[in-house]
Each structure stands twice: as C-alpha cells, then as structure tokens.
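Below is one structure, written out as structure tokens; the observations come after it.
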Amino acid sequence: QIKTLLRERHRIAPGAEDDFSVRNLSEMAGAAQLATETMTTLLACVADGRLPEGEREGGIEVMRLGAGAPDLVERVRLFRRSLAAVLEAQRESLRVCHFRDPWSGIPILQARGRWRTVYEVNGLPSIEMPYRFPAIAARTLERIAAMERRCLAEADHILTPSATLAQNLSRMGVAPERITMIPNGADLPSAELRRPKGAPKRYFLYFGALQPWQGVGAAIAALPRIADLGIPLVICSSQPATIGRALQARAQRLGVQKHVHWRHELTRDALAP
C-alpha cells in the first residue's frame with residue numbers, strides 16, 4: 001500500500017522503475033546495529049531523495065531517514081519514527097547525542113538513554129520558518145515552539161555560535177551556565193581572491209538572510225557615522241528583494257541608499273571567490 005501511494009504521489013508511469021525505496025523500521029534498526037561494530041560516529045539526517053540513504057566513511061556512518069515521503073512534513077514524521085528505531089538499536093553503544101533541530105531532539109529525549117545530550121541552536125525553526133513558508137499555520141508554529149522549549153529544557157547542554165542567540169536563549173529561561181558559545185570561524189585562502197565583477201574598490205560585505213535579528217538594520221544605521229570614509233555596504237542576500245523592502249526604506253530615510261548595494265539570490269558561481 002505504501003509503495004502504491006508513493007508511486008501515485010511521484011507520478012510514476014505503470015511499468016516504470018521506482019524512484020524511491022521503502023524500508024521498514026526493523027530493517028533500519030538492523031542496519032544501525034550492524035554499523036555499531038565499526039563506527040564511532042552516527043550522523044542521522046532528513047533525506048531529500050537526491051543522496052543515498054546510507055554511506056560510510058572511516059568511522060562515520062551517515063543515515064538519511066525519511067526517504068520516499070511526499071512532502072517535508074511527512075519526511076519529518078517518518079524521520080522521527082526511523083530515528084527512534086535507530087536509537088533503540090544502539091541504546092547500549094551511544095554515549096553522546098548531539099542534535100540541531102527539535103524533530104531530532106524529541107526522539108532522542110523521549111528514548112531516555114544513558115547518553116548525554118547536546119542541543120546546538122543555530123536558530124529556532126518556529127521563528128525562521130515563516131520567512132521561508134509565509135503561509136505556515138500559527139498552530140503548526142506553536143507545536144514546533146513547544147518542541148523547541150522541551151529540547152531547551154531537557155538537553156544536558158546548549159551550544160550556539162552567536163552571543164545574540166545566547167542572550168535570547170537566556171531570556172527564554174535557559175540558565176546561562178548551560179549555554180556555551182562557540183563562534184563560527186573561517187579559514188581564509190592563501191591565494192589572492194578574485195575581485196567580483198563590478199565590486200567597489202573597498203566595501204563592507206554582509207552575506208546571509210535578512211531576519212531582524214541578523215543585525216543588517218544596525219549596519220545600515222551605522223553608515224551615516226562613517227560617511228566620510230566613502231565605503232559602501234554590499235548585501236548579498238539569500239532572499240528575494242521583496243524581503244528587504246523595510247531595510248531599503250530605512251536606508252532611504254537615512255539618506256544612505258546610494259551606499260547600500262543589494263545583491264539578491266545569487267548563484268553559487270556568482271558567490272564563489
């Protein structure tokens with residue numbers, strides 16, 4: 001029945017090969033149990049249908065769970081059930097469970113194993129998802145927020161790359177001593193970087209999304225203070241121009257719109273140095 005439903009959802013013609021595979025939870029658990037014989041790290045993630053369900057490199061086992069589901073919601077649900085089976089199979093071998101989202105964290109916390117738990121918070125889906133899915137229901141967001149609150153309350157420790165995130169998590173009730181901040185870093189290439197076509201001689205660069213907490217508004221507000229330097233701000237946004245209208249209006253009110261250069265949804269080649 002599952003295969004029939006998936007073939008219909010994927011619009012696969014009669015006689016054509018499946019573009020998915022179906023494995024039951026016992027098969028997944030058995031594969032996970034076998035993997036413990038040689039591996040030291042298990043990476044479980046939501047499948048996207050484009051990469052293999054399983055890979056191994058050295059002592060690292062990669063399991064992509066939830067393949068074959070017709071949409072993101074179903075993939076997440078199948079991922080949670082599959083992850084629960086994997087956790088049960090490795091209950092005696094796991095020592096640390098490090099997760100980065102609530103749909104991974106809930107099965108890990110519910111399993112109540114002997115392992116220690118670390119929740120790495122790079123952002124909260126309940127806050128960020130409306131920017132990606134504007135039509136998402138408020139009820140869905142509240143359910144996600146409830147999962148986040150449980151993960152924050154029950155995880156043994158919290159990691160975050162941002163001082164701002166650490167402060168906001170503290171305001172949400174997470175004890176500061178449970179939070180460790182490890183800033184993101186970057187290794188600069190030794191070779192001289194190719195200057196992008198049309199780039200100013202000198203410029204400040206912001207690269208990323210445009211959510212209010214990212215600080216882009218503060219960067220624009222600072223431009224009048226350094227106007228004498230004549231250095232523009234280049235914003236390479238991963239989002240469409242419509243998302244940045246409020247920031248564009250702010251630059252205009254401050255009279256610095258000519259000093260803000262917008263680049264929206266650039267291709268990978270355009271972003272490459």
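Simple scheme: letters A, B, ... for chains in structure tokens order, numbers from 1 for residues in each chain, numbers from 1 for ligands in the order shown.
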Query raised in the report: Using only C-alpha atoms, which residues sit within 7 Å of A:Ile179 once same-chain residues fewer than 2 positions away are excluded, as a list in words?
Result: His157, Ile158, Leu159, Ala166, Pro176, Glu177 and Met181 of chain A
With all heavy atoms retained, write the just-selected residues as a PDB file, in the first residue's frame.
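File produced: selection_5.pdb:
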```pdb
ATOM      1  N   HIS A 157      23.088  20.108  27.673  1.00  0.00           N
ATOM      2  CA  HIS A 157      23.845  21.331  27.414  1.00  0.00           C
ATOM      3  C   HIS A 157      23.394  21.943  26.099  1.00  0.00           C
ATOM      4  O   HIS A 157      22.903  21.250  25.211  1.00  0.00           O
ATOM      5  CB  HIS A 157      25.350  21.044  27.375  1.00  0.00           C
ATOM      6  CG  HIS A 157      26.186  22.242  27.704  1.00  0.00           C
ATOM      7  ND1 HIS A 157      26.317  22.735  28.981  1.00  0.00           N
ATOM      8  CD2 HIS A 157      26.905  23.071  26.913  1.00  0.00           C
ATOM      9  CE1 HIS A 157      27.091  23.805  28.959  1.00  0.00           C
ATOM     10  NE2 HIS A 157      27.454  24.031  27.719  1.00  0.00           N
ATOM     11  N   ILE A 158      23.589  23.264  25.987  1.00  0.00           N
ATOM     12  CA  ILE A 158      23.191  24.016  24.799  1.00  0.00           C
ATOM     13  C   ILE A 158      24.431  24.650  24.181  1.00  0.00           C
ATOM     14  O   ILE A 158      25.230  25.277  24.881  1.00  0.00           O
ATOM     15  CB  ILE A 158      22.180  25.135  25.151  1.00  0.00           C
ATOM     16  CG1 ILE A 158      21.030  24.598  26.002  1.00  0.00           C
ATOM     17  CG2 ILE A 158      21.676  25.809  23.879  1.00  0.00           C
ATOM     18  CD1 ILE A 158      20.171  23.581  25.324  1.00  0.00           C
ATOM     19  N   LEU A 159      24.582  24.484  22.860  1.00  0.00           N
ATOM     20  CA  LEU A 159      25.647  25.154  22.104  1.00  0.00           C
ATOM     21  C   LEU A 159      25.022  26.179  21.173  1.00  0.00           C
ATOM     22  O   LEU A 159      23.942  25.962  20.626  1.00  0.00           O
ATOM     23  CB  LEU A 159      26.444  24.152  21.264  1.00  0.00           C
ATOM     24  CG  LEU A 159      27.354  23.147  21.956  1.00  0.00           C
ATOM     25  CD1 LEU A 159      28.068  22.298  20.908  1.00  0.00           C
ATOM     26  CD2 LEU A 159      28.359  23.838  22.838  1.00  0.00           C
ATOM     27  N   ALA A 166      22.693  33.420  22.378  1.00  0.00           N
ATOM     28  CA  ALA A 166      22.880  33.024  23.771  1.00  0.00           C
ATOM     29  C   ALA A 166      22.072  33.918  24.704  1.00  0.00           C
ATOM     30  O   ALA A 166      21.423  33.443  25.651  1.00  0.00           O
ATOM     31  CB  ALA A 166      24.362  33.064  24.130  1.00  0.00           C
ATOM     32  N   PRO A 176      22.199  30.477  32.028  1.00  0.00           N
ATOM     33  CA  PRO A 176      23.426  30.817  31.290  1.00  0.00           C
ATOM     34  C   PRO A 176      24.531  29.780  31.431  1.00  0.00           C
ATOM     35  O   PRO A 176      25.301  29.564  30.481  1.00  0.00           O
ATOM     36  CB  PRO A 176      23.839  32.159  31.906  1.00  0.00           C
ATOM     37  CG  PRO A 176      22.562  32.742  32.426  1.00  0.00           C
ATOM     38  CD  PRO A 176      21.748  31.580  32.900  1.00  0.00           C
ATOM     39  N   GLU A 177      24.628  29.116  32.586  1.00  0.00           N
ATOM     40  CA  GLU A 177      25.694  28.131  32.769  1.00  0.00           C
ATOM     41  C   GLU A 177      25.492  26.881  31.916  1.00  0.00           C
ATOM     42  O   GLU A 177      26.416  26.072  31.755  1.00  0.00           O
ATOM     43  CB  GLU A 177      25.811  27.737  34.243  1.00  0.00           C
ATOM     44  CG  GLU A 177      24.570  27.125  34.857  1.00  0.00           C
ATOM     45  CD  GLU A 177      23.639  28.155  35.474  1.00  0.00           C
ATOM     46  OE1 GLU A 177      23.761  29.359  35.129  1.00  0.00           O
ATOM     47  OE2 GLU A 177      22.811  27.759  36.315  1.00  0.00           O
ATOM     48  N   MET A 181      28.960  29.244  24.036  1.00  0.00           N
ATOM     49  CA  MET A 181      29.015  29.890  22.725  1.00  0.00           C
ATOM     50  C   MET A 181      30.340  29.555  22.049  1.00  0.00           C
ATOM     51  O   MET A 181      31.416  29.750  22.624  1.00  0.00           O
ATOM     52  CB  MET A 181      28.880  31.412  22.855  1.00  0.00           C
ATOM     53  CG  MET A 181      28.776  32.103  21.499  1.00  0.00           C
ATOM     54  SD  MET A 181      28.887  33.904  21.595  1.00  0.00           S
ATOM     55  CE  MET A 181      30.610  34.119  22.011  1.00  0.00           C
TER      56      MET A 181
END
```
Report task. Can you pull out every residue within 10 Å of A:Pro232, counting only C-alpha atoms, but drop anything in the same chain fewer than 4 positions away, and send it as number ranges by chain? Result -> A: 200-205, 220, 223, 226-227, 256-261
Selected residues, C-alpha atoms, written as a PDB file, in the first residue's frame, please.
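The new file out_20.pdb reads:
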```
ATOM      1  CA  PRO A 200      33.679  48.689  -5.304  1.00  0.00           C
ATOM      2  CA  LYS A 201      37.359  49.160  -4.523  1.00  0.00           C
ATOM      3  CA  ARG A 202      36.633  48.877  -0.808  1.00  0.00           C
ATOM      4  CA  TYR A 203      33.391  47.748   0.779  1.00  0.00           C
ATOM      5  CA  PHE A 204      31.769  46.150   3.793  1.00  0.00           C
ATOM      6  CA  LEU A 205      30.139  42.827   2.991  1.00  0.00           C
ATOM      7  CA  ILE A 220      22.642  50.346   7.647  1.00  0.00           C
ATOM      8  CA  LEU A 223      26.542  54.119   7.580  1.00  0.00           C
ATOM      9  CA  ILE A 226      31.212  56.565   8.555  1.00  0.00           C
ATOM     10  CA  ALA A 227      30.037  58.521   5.518  1.00  0.00           C
ATOM     11  CA  VAL A 256      22.402  56.335   2.533  1.00  0.00           C
ATOM     12  CA  GLN A 257      20.564  54.356  -0.150  1.00  0.00           C
ATOM     13  CA  LYS A 258      23.356  55.065  -2.667  1.00  0.00           C
ATOM     14  CA  HIS A 259      25.828  53.489  -0.238  1.00  0.00           C
ATOM     15  CA  VAL A 260      23.934  50.192   0.056  1.00  0.00           C
ATOM     16  CA  HIS A 261      24.464  47.787  -2.842  1.00  0.00           C
TER      17      HIS A 261
END
```
Each stretch 144-263 of chain A residue no farther than 9 Å from stretch 94-113 of chain A, nearest pair in Å, only C-alpha atoms, as a tab-separated table:
```
residue	atom	partner	partner_atom	distance
A:Ile144	CA	A:Pro102	CA	7.4
A:Ala145	CA	A:Pro102	CA	8.8
A:Met147	CA	A:Pro102	CA	5.7
A:Glu148	CA	A:Pro102	CA	5.4
A:Arg149	CA	A:Pro102	CA	8.9
A:Arg150	CA	A:Ile106	CA	7.8
A:Cys151	CA	A:Gly105	CA	6.1
A:Glu154	CA	A:Leu109	CA	7.3
A:Ala155	CA	A:Leu109	CA	7.5
```
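For the choices A:Ala175, A:Met129, A:Val118, A:Leu233, the atom-to-atom distance to A:Asp156 is smallest for A:Val118 when using only C-alpha atoms.
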Requested in this report: List every residue of stretch 27-198 of chain A that DSSP, applied to the backbone of this structure, places in strand (DSSP E), and write the result as number ranges by chain.
Outcome: A: 41-46, 54-57, 60-65, 96-99, 116-120, 157-160, 179-181
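Of the residues listed (A:Ala249, A:Val234, A:Ile60, A:Ala163), A:Ala163 shows the shortest atom-to-atom separation from A:Gln214; distances use only C-alpha atoms.
For A:Arg245, the set of protein, DNA and RNA residues having any atom at most 12 Å away, when counting only C-alpha atoms and skipping those fewer than 4 positions along the same chain, is Leu210, Gly217, Gln239, Pro240, Ala241, Ala249, Arg250, Ala251, Gln252, Gln257 and Trp262 of chain A.
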Query raised in the report: Could you name the residues that touch A:His264 at 10 Å or less, counting only C-alpha atoms, but leaving out those on the same chain fewer than 4 positions away, as a PyMOL selection string?
Result: chain A and resi 208-209+235-244
Output N, CA and C atoms of each residue in that selection to a file, as a PDB file, in the first residue's frame.
```
ATOM      1  N   GLY A 208      24.132  36.706   3.827  1.00  0.00           N
ATOM      2  CA  GLY A 208      23.201  35.874   4.591  1.00  0.00           C
ATOM      3  C   GLY A 208      21.757  36.288   4.397  1.00  0.00           C
ATOM      4  N   ALA A 209      20.915  35.866   5.339  1.00  0.00           N
ATOM      5  CA  ALA A 209      19.485  36.158   5.286  1.00  0.00           C
ATOM      6  C   ALA A 209      19.199  37.510   5.941  1.00  0.00           C
ATOM      7  N   ILE A 235      25.277  44.019   0.327  1.00  0.00           N
ATOM      8  CA  ILE A 235      24.456  42.998   0.978  1.00  0.00           C
ATOM      9  C   ILE A 235      24.148  41.899  -0.030  1.00  0.00           C
ATOM     10  N   CYS A 236      24.720  40.730   0.198  1.00  0.00           N
ATOM     11  CA  CYS A 236      24.426  39.550  -0.617  1.00  0.00           C
ATOM     12  C   CYS A 236      23.384  38.727   0.141  1.00  0.00           C
ATOM     13  N   SER A 237      22.140  38.880  -0.250  1.00  0.00           N
ATOM     14  CA  SER A 237      21.043  38.250   0.467  1.00  0.00           C
ATOM     15  C   SER A 237      20.631  36.950  -0.193  1.00  0.00           C
ATOM     16  N   SER A 238      20.341  35.960   0.637  1.00  0.00           N
ATOM     17  CA  SER A 238      19.839  34.683   0.117  1.00  0.00           C
ATOM     18  C   SER A 238      18.349  34.742  -0.149  1.00  0.00           C
ATOM     19  N   GLN A 239      17.732  35.895   0.088  1.00  0.00           N
ATOM     20  CA  GLN A 239      16.286  36.039  -0.055  1.00  0.00           C
ATOM     21  C   GLN A 239      15.953  37.040  -1.168  1.00  0.00           C
ATOM     22  N   PRO A 240      14.717  37.008  -1.683  1.00  0.00           N
ATOM     23  CA  PRO A 240      14.336  37.921  -2.773  1.00  0.00           C
ATOM     24  C   PRO A 240      14.250  39.359  -2.303  1.00  0.00           C
ATOM     25  N   ALA A 241      14.211  40.274  -3.271  1.00  0.00           N
ATOM     26  CA  ALA A 241      14.218  41.705  -2.965  1.00  0.00           C
ATOM     27  C   ALA A 241      13.026  42.126  -2.124  1.00  0.00           C
ATOM     28  N   THR A 242      11.905  41.458  -2.280  1.00  0.00           N
ATOM     29  CA  THR A 242      10.708  41.841  -1.524  1.00  0.00           C
ATOM     30  C   THR A 242      10.925  41.717  -0.022  1.00  0.00           C
ATOM     31  N   ILE A 243      11.747  40.787   0.403  1.00  0.00           N
ATOM     32  CA  ILE A 243      12.000  40.592   1.838  1.00  0.00           C
ATOM     33  C   ILE A 243      12.771  41.775   2.417  1.00  0.00           C
ATOM     34  N   GLY A 244      13.567  42.453   1.588  1.00  0.00           N
ATOM     35  CA  GLY A 244      14.407  43.539   2.083  1.00  0.00           C
ATOM     36  C   GLY A 244      13.806  44.925   1.951  1.00  0.00           C
TER      37      GLY A 244
END
```
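Picture a line from atom CA of A:Val216 to atom CA of A:Gln248; it runs 10.6 Å.
When the distance limit is 7 Å and only C-alpha atoms are what count, the residues near A:Leu65, minus those fewer than 2 positions from it on the same chain, are A:Ala44, A:Cys45, A:Val46, A:Ala47, A:Glu53, A:Met63, A:Ala67, A:Phe79, A:Ser82.
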Include N, CA, C and O atoms and write out the residues we just selected as a PDB file, in the first residue's frame.
```pdb
ATOM      1  N   ALA A  44      22.673  11.114  11.557  1.00  0.00           N
ATOM      2  CA  ALA A  44      21.334  10.869  11.034  1.00  0.00           C
ATOM      3  C   ALA A  44      20.731  12.196  10.606  1.00  0.00           C
ATOM      4  O   ALA A  44      20.798  13.187  11.341  1.00  0.00           O
ATOM      5  N   CYS A  45      20.157  12.241   9.410  1.00  0.00           N
ATOM      6  CA  CYS A  45      19.582  13.474   8.901  1.00  0.00           C
ATOM      7  C   CYS A  45      18.358  13.159   8.058  1.00  0.00           C
ATOM      8  O   CYS A  45      18.125  12.004   7.686  1.00  0.00           O
ATOM      9  N   VAL A  46      17.567  14.195   7.775  1.00  0.00           N
ATOM     10  CA  VAL A  46      16.362  14.014   6.970  1.00  0.00           C
ATOM     11  C   VAL A  46      16.756  13.822   5.512  1.00  0.00           C
ATOM     12  O   VAL A  46      17.526  14.611   4.959  1.00  0.00           O
ATOM     13  N   ALA A  47      16.235  12.788   4.891  1.00  0.00           N
ATOM     14  CA  ALA A  47      16.538  12.519   3.487  1.00  0.00           C
ATOM     15  C   ALA A  47      15.858  13.534   2.580  1.00  0.00           C
ATOM     16  O   ALA A  47      14.779  14.039   2.894  1.00  0.00           O
ATOM     17  N   GLU A  53      20.663   6.698   0.820  1.00  0.00           N
ATOM     18  CA  GLU A  53      20.109   6.576   2.168  1.00  0.00           C
ATOM     19  C   GLU A  53      21.189   6.292   3.199  1.00  0.00           C
ATOM     20  O   GLU A  53      21.029   6.638   4.376  1.00  0.00           O
ATOM     21  N   MET A  63      23.219   8.151   7.883  1.00  0.00           N
ATOM     22  CA  MET A  63      21.908   7.560   7.595  1.00  0.00           C
ATOM     23  C   MET A  63      20.937   8.694   7.269  1.00  0.00           C
ATOM     24  O   MET A  63      20.743   9.600   8.084  1.00  0.00           O
ATOM     25  N   ALA A  67      13.231   8.956   3.575  1.00  0.00           N
ATOM     26  CA  ALA A  67      13.157   8.965   2.113  1.00  0.00           C
ATOM     27  C   ALA A  67      11.826   8.401   1.645  1.00  0.00           C
ATOM     28  O   ALA A  67      11.271   7.496   2.244  1.00  0.00           O
ATOM     29  N   PHE A  79      11.081  10.563   9.540  1.00  0.00           N
ATOM     30  CA  PHE A  79      12.419  10.687  10.124  1.00  0.00           C
ATOM     31  C   PHE A  79      12.374  10.429  11.626  1.00  0.00           C
ATOM     32  O   PHE A  79      13.210   9.697  12.172  1.00  0.00           O
ATOM     33  N   SER A  82      11.835   6.752  12.313  1.00  0.00           N
ATOM     34  CA  SER A  82      13.024   5.992  11.944  1.00  0.00           C
ATOM     35  C   SER A  82      14.151   6.218  12.938  1.00  0.00           C
ATOM     36  O   SER A  82      14.861   5.285  13.334  1.00  0.00           O
TER      37      SER A  82
END
```
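Distance-wise, atom CA of A:Val76 and atom CA of A:Asn168 end up 26.4 Å apart.
Restricting the calculation to only C-alpha atoms, the smallest distance between A:Thr164 and any of A:Pro125, A:Pro196, A:Pro212, A:Pro52 is found for A:Pro212.
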